[in-house]
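First the structure, in the form of structure tokens, and then the observations on it.
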Amino acid sequence: MENYNEIDDILAEEEFVPVVFQKAINGVKIDESTEKGYIEQGSKTELPFWLARELHMRQAVSISVPACFNQKTRLEIQADAACVDLRSRCPYFYEFGSKLAPLCDKTIGLLLPYAFRIRYKKILHKAHAIAFAAASKFPTLLTREETSLYEAAQSSMAAFKKWRAGGPRLQRASILGRKRKPAE
Amino acid sequence: MAGQSDSTMSLFSSEEIEFMAEDEMTEIVPNLRMDSLNFICGDYGPFLPQLAAQVPLWLALALKKRGKCTIRLPQWMSVENLTRVLEAERDSHAFQPLPFHYIEISRLLFDHAREDIPDMYMVRSLIEDIRDVRFHKVETNLEKFTASTVTWKNMSAMEVNVIRAFAGRALQAFYKHDNEQQTPDTDRAQDKQPQSTY
């Protein structure tokens, strides 16, 4: 499912995950302040997902559950998935989650479709009901994937409303209105 | 596929749908004498005063703007029929059969041929009501769908177009999530393969 050239895919892998080193590694530092030039077995740090996955494949680290999938978030999602602010937790919640699930905790894989189904209904109603909701707080809670859904619905609804209201049929090219610069 | 995934707008704009709707046939009563017109899309006429003729909507509107004809209101746009459709629309769960371009045709007629429509305000508000009821139905249908088969009969061009971008993306997302749920094990097997080499 990976898409090397997809910018969203690349950005999703930039998210940090907490890891525990299973092996001692020479020649690297995870903390600038230490004198030691190696990493001890069992030391903890956060690494970007793309690096953690490679190290995990070589059994150098074990990945633990990052903050956006912790118990607190799960409870919130179970309570009312539609009201959880997923954007501030992780803008690539679904993409990141699906990549992470096989490596650290398979139950994340069940959480994602559950959350999406409930949030989808809310997006559907909000996006089509309020055609020009500039002040609504709702869009700020959405992840990237959900925002694209929301905006697709809003823009096609707004385009339809505009067509129905009528108005000028011919659009003026933006360049026509400008005045020429006076020659100096 | 590339064109679909990155386009933010729907495939057609409302104006383009309106343009397609102008090919629907309408009945006009000309008030001039004119030989038949030969176009690529077909031959229309000859036109004789007070004898009804079938022409595409765009031609009817062009003649109407020049005051050369009156447009006969289509059968489905009569107050009786619309009242009946609205009631059926409210009672039943399914969409009632209406012309594929009913929103566009009615708007074009309201804009350009208002004096040919008896009970203009009644007709207009009935069509507005029907459109609202139907759109509400579209929303409840959208709420129910998942990545399985979707069959909705009798949706009109504009209704489809309004939800096209949203529904396309939603289906893609559902498809993605469902697939991930089913195949975590194979993903994992693939990920583990490199281990043996190191």
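Chain identifiers are assigned as A, B, and so on, following the order in which chains appear in the structure tokens; residues are numbered from 1 within each chain, and ligands are numbered from 1 in order of appearance.
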Hey, which bits of chain A sit within 10 Å of chain B, and for each residue what's the closest pair of atoms and how far apart in Å (one decimal), counting only C-alpha atoms, rows by chain and increasing number, as CSV?
residue,atom,partner,partner_atom,distance
A:Met1,CA,B:Glu180,CA,9.2
A:Arg53,CA,B:Asp191,CA,9.1
A:Glu54,CA,B:Asp191,CA,9.5
A:His56,CA,B:Gln195,CA,9.4
A:Met57,CA,B:Gln195,CA,6.0
A:Arg58,CA,B:Gln195,CA,5.7
A:Gln59,CA,B:Gln195,CA,7.8
A:Tyr94,CA,B:His177,CA,8.5
A:Glu95,CA,B:His177,CA,9.5
A:Ser98,CA,B:Glu180,CA,6.9
A:Lys99,CA,B:Asp187,CA,9.3
A:Ala101,CA,B:Pro184,CA,7.8
A:Pro102,CA,B:Arg188,CA,5.8
A:Leu103,CA,B:Arg188,CA,7.4
A:Lys106,CA,B:Pro184,CA,8.0
A:Thr107,CA,B:Gln181,CA,10.0
A:Ile108,CA,B:Gln181,CA,9.8
A:Gly109,CA,B:Gln181,CA,6.0
A:Leu110,CA,B:Gln181,CA,6.8
A:Leu111,CA,B:Gln181,CA,9.8
A:Leu112,CA,B:His177,CA,7.4
A:Pro113,CA,B:His177,CA,5.8
A:Tyr114,CA,B:His177,CA,9.5
A:Phe116,CA,B:Phe174,CA,8.4
A:Arg117,CA,B:Phe174,CA,8.2
A:Ile118,CA,B:Glu143,CA,9.8
A:Tyr120,CA,B:Ala170,CA,8.0
A:Lys121,CA,B:Glu143,CA,5.7
A:Lys122,CA,B:Glu143,CA,9.1
A:Ile123,CA,B:Glu143,CA,9.9
A:Leu124,CA,B:Glu143,CA,7.3
A:His125,CA,B:Glu139,CA,7.5
A:Ala127,CA,B:Phe166,CA,9.6
A:His128,CA,B:Glu139,CA,8.3
A:Ala129,CA,B:Glu139,CA,9.7
A:Glu145,CA,B:Ala173,CA,8.3
A:Glu146,CA,B:Ala170,CA,9.0
A:Ser148,CA,B:Thr8,CA,8.1
A:Leu149,CA,B:Phe166,CA,5.7
A:Tyr150,CA,B:Phe166,CA,7.5
A:Glu151,CA,B:Thr8,CA,8.3
A:Ala152,CA,B:Phe166,CA,5.4
A:Ala153,CA,B:Phe166,CA,5.1
A:Gln154,CA,B:Phe166,CA,8.8
A:Ser155,CA,B:Met9,CA,7.3
A:Ser156,CA,B:Val162,CA,5.4
A:Met157,CA,B:Val162,CA,6.0
A:Ala158,CA,B:Val162,CA,9.2
A:Ala159,CA,B:Ser14,CA,7.0
A:Phe160,CA,B:Ser14,CA,6.1
A:Lys161,CA,B:Ser14,CA,9.4
A:Lys162,CA,B:Ser14,CA,8.9
A:Trp163,CA,B:Ser14,CA,6.3
A:Arg164,CA,B:Arg107,CA,7.7
A:Ala165,CA,B:Arg107,CA,9.9
A:Gly166,CA,B:Asp111,CA,9.1
A:Arg169,CA,B:Glu15,CA,9.1
Could you pull out all residues of region 10-51 of chain B with a DSSP call of helix (DSSP H, G or I) and give them as a VMD selection string? chain B and resid 14 to 21
Selection from above, N, CA and C atoms, as a compact mmCIF listing (two decimals), in the first residue's frame, can you write it?
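The file below, part-v8.txt, is the result:
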# COMPACT_ATOMS: atom_id res chain seq x y z
N SER B 14 -21.42 22.84 -12.15
CA SER B 14 -22.87 22.95 -12.32
C SER B 14 -23.22 23.54 -13.68
N GLU B 15 -22.38 24.45 -14.17
CA GLU B 15 -22.65 25.07 -15.47
C GLU B 15 -22.55 24.03 -16.59
N GLU B 16 -21.62 23.11 -16.44
CA GLU B 16 -21.48 22.07 -17.47
C GLU B 16 -22.69 21.14 -17.47
N ILE B 17 -23.19 20.83 -16.29
CA ILE B 17 -24.38 19.99 -16.20
C ILE B 17 -25.57 20.72 -16.85
N GLU B 18 -25.64 22.02 -16.61
CA GLU B 18 -26.71 22.81 -17.22
C GLU B 18 -26.60 22.76 -18.74
N PHE B 19 -25.37 22.84 -19.23
CA PHE B 19 -25.13 22.78 -20.68
C PHE B 19 -25.65 21.45 -21.24
N MET B 20 -25.40 20.36 -20.54
CA MET B 20 -25.88 19.06 -21.02
C MET B 20 -27.40 19.00 -20.99
N ALA B 21 -27.98 19.64 -19.99
CA ALA B 21 -29.44 19.61 -19.86
C ALA B 21 -30.10 20.32 -21.03
Which residues are near region 87-99 of chain B? Cut-off 9 Å, only C-alpha atoms, ignore same chain within fewer than 5 positions. Put them as a PDB file with N, CA and C atoms, in the first residue's frame.
ATOM      1  N   TRP B  76     -44.406  16.942 -16.784  1.00  0.00           N
ATOM      2  CA  TRP B  76     -44.046  16.673 -15.390  1.00  0.00           C
ATOM      3  C   TRP B  76     -43.995  17.931 -14.546  1.00  0.00           C
ATOM      4  N   LEU B  82     -46.481  17.668  -9.854  1.00  0.00           N
ATOM      5  CA  LEU B  82     -45.456  17.963  -8.853  1.00  0.00           C
ATOM      6  C   LEU B  82     -45.982  17.731  -7.449  1.00  0.00           C
ATOM      7  N   ILE B 105     -33.475  21.968 -15.945  1.00  0.00           N
ATOM      8  CA  ILE B 105     -34.535  22.379 -16.864  1.00  0.00           C
ATOM      9  C   ILE B 105     -35.451  23.379 -16.184  1.00  0.00           C
ATOM     10  N   ILE B 130     -39.365  19.537  -3.418  1.00  0.00           N
ATOM     11  CA  ILE B 130     -38.991  18.200  -3.877  1.00  0.00           C
ATOM     12  C   ILE B 130     -37.476  18.033  -3.799  1.00  0.00           C
ATOM     13  N   VAL B 133     -36.412  17.585  -0.135  1.00  0.00           N
ATOM     14  CA  VAL B 133     -36.749  16.257   0.390  1.00  0.00           C
ATOM     15  C   VAL B 133     -35.791  15.226  -0.181  1.00  0.00           C
ATOM     16  N   ARG B 134     -35.540  15.346  -1.484  1.00  0.00           N
ATOM     17  CA  ARG B 134     -34.646  14.370  -2.117  1.00  0.00           C
ATOM     18  C   ARG B 134     -33.234  14.503  -1.601  1.00  0.00           C
ATOM     19  N   LYS B 137     -32.860  12.805   1.568  1.00  0.00           N
ATOM     20  CA  LYS B 137     -32.772  11.361   1.357  1.00  0.00           C
ATOM     21  C   LYS B 137     -31.370  10.950   0.946  1.00  0.00           C
ATOM     22  N   TRP B 152     -28.718   3.226  -5.976  1.00  0.00           N
ATOM     23  CA  TRP B 152     -29.806   4.179  -5.780  1.00  0.00           C
ATOM     24  C   TRP B 152     -30.405   4.465  -7.135  1.00  0.00           C
ATOM     25  N   LYS B 153     -31.693   4.240  -7.249  1.00  0.00           N
ATOM     26  CA  LYS B 153     -32.332   4.490  -8.539  1.00  0.00           C
ATOM     27  C   LYS B 153     -32.852   5.918  -8.605  1.00  0.00           C
ATOM     28  N   ASN B 154     -32.978   6.416  -9.828  1.00  0.00           N
ATOM     29  CA  ASN B 154     -33.664   7.680 -10.105  1.00  0.00           C
ATOM     30  C   ASN B 154     -33.026   8.919  -9.500  1.00  0.00           C
ATOM     31  N   MET B 155     -31.745   8.890  -9.263  1.00  0.00           N
ATOM     32  CA  MET B 155     -31.128  10.147  -8.842  1.00  0.00           C
ATOM     33  C   MET B 155     -30.893  11.017 -10.062  1.00  0.00           C
ATOM     34  N   SER B 156     -30.963  12.321  -9.879  1.00  0.00           N
ATOM     35  CA  SER B 156     -30.822  13.198 -11.040  1.00  0.00           C
ATOM     36  C   SER B 156     -29.371  13.658 -11.173  1.00  0.00           C
TER      37      SER B 156
END
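Counting only C-alpha atoms and comparing B:Leu11, B:Leu59, B:Ile71, B:Leu37, the residue that lies closest to Asp23 (chain B) is B:Leu59.
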Selection near region 19-25 of chain A, 9 Å with only C-alpha atoms, sequence-local residues under 5 positions removed, as a PyMOL selection string: chain A and resi 38-47+52+59-65
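Nearest residue to Phe145 (chain B) among B:Met122, B:Ile117, B:Leu171, B:Val85 is B:Leu171, counting only C-alpha atoms.
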Excluding Met120 (chain B) and any residue of its chain fewer than 6 positions from it, enumerate the residues within 10 Å of it, using only C-alpha atoms, and give them as a ChimeraX atom specification. /B:79,110,113-114,126
Just-selected residues, C-alpha atoms written as a compact mmCIF listing (two decimals), in the first residue's frame:
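Final output, result-v6.txt:
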# COMPACT_ATOMS: atom_id res chain seq x y z
CA VAL B 79 -48.78 21.62 -10.46
CA PHE B 110 -37.88 29.94 -14.59
CA ALA B 113 -39.72 31.65 -19.87
CA ARG B 114 -41.48 32.79 -16.73
CA LEU B 126 -42.93 22.72 -5.26
For Arg87 (chain A), find every residue with an atom within 12 Å (counting only C-alpha atoms), except residues of its own chain fewer than 2 positions away, and show them as a list in words. Cys68, Cys83, Val84, Asp85, Arg89, Cys90, Pro91, Tyr92, Phe93, Tyr94, Phe138, Pro139, Thr140, Leu141, Leu142, Thr143, Arg144, Glu145, Glu146 and Thr147 of chain A
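All residues in region 42-129 of chain B with a DSSP state of strand (DSSP E or B), computed from the backbone, read B:Gly42, B:Asp43, B:Tyr44, B:Phe47, B:Ala53, B:Gln54, B:Val55, B:Pro56, B:Cys69, B:Thr70, B:Ile71.
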Contacts of Phe96 (chain A) within 7 Å, only C-alpha atoms, excl. fewer than 4 positions in-chain, as a PDB file with C-alpha atoms, in the first residue's frame:
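Below is the file out_8.pdb, written as the result:
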ATOM      1  CA  ALA A  12       2.875  10.482   7.918  1.00  0.00           C
ATOM      2  CA  GLU A  13       6.130   8.592   8.419  1.00  0.00           C
ATOM      3  CA  TYR A  92      -2.141  11.700   9.795  1.00  0.00           C
ATOM      4  CA  LEU A 100       1.988   1.367  13.054  1.00  0.00           C
TER       5      LEU A 100
END
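Proximity to Ala79 (chain A) was assessed for A:Ile7, A:Ala115, A:Cys104, A:Leu55 counting only C-alpha atoms; the smallest distance is recorded for A:Ala115.
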Figure out the distance between CA of Val123 (chain B) and CA of Phe100 (chain B), please, to one decimal in Å. 17.8 Å
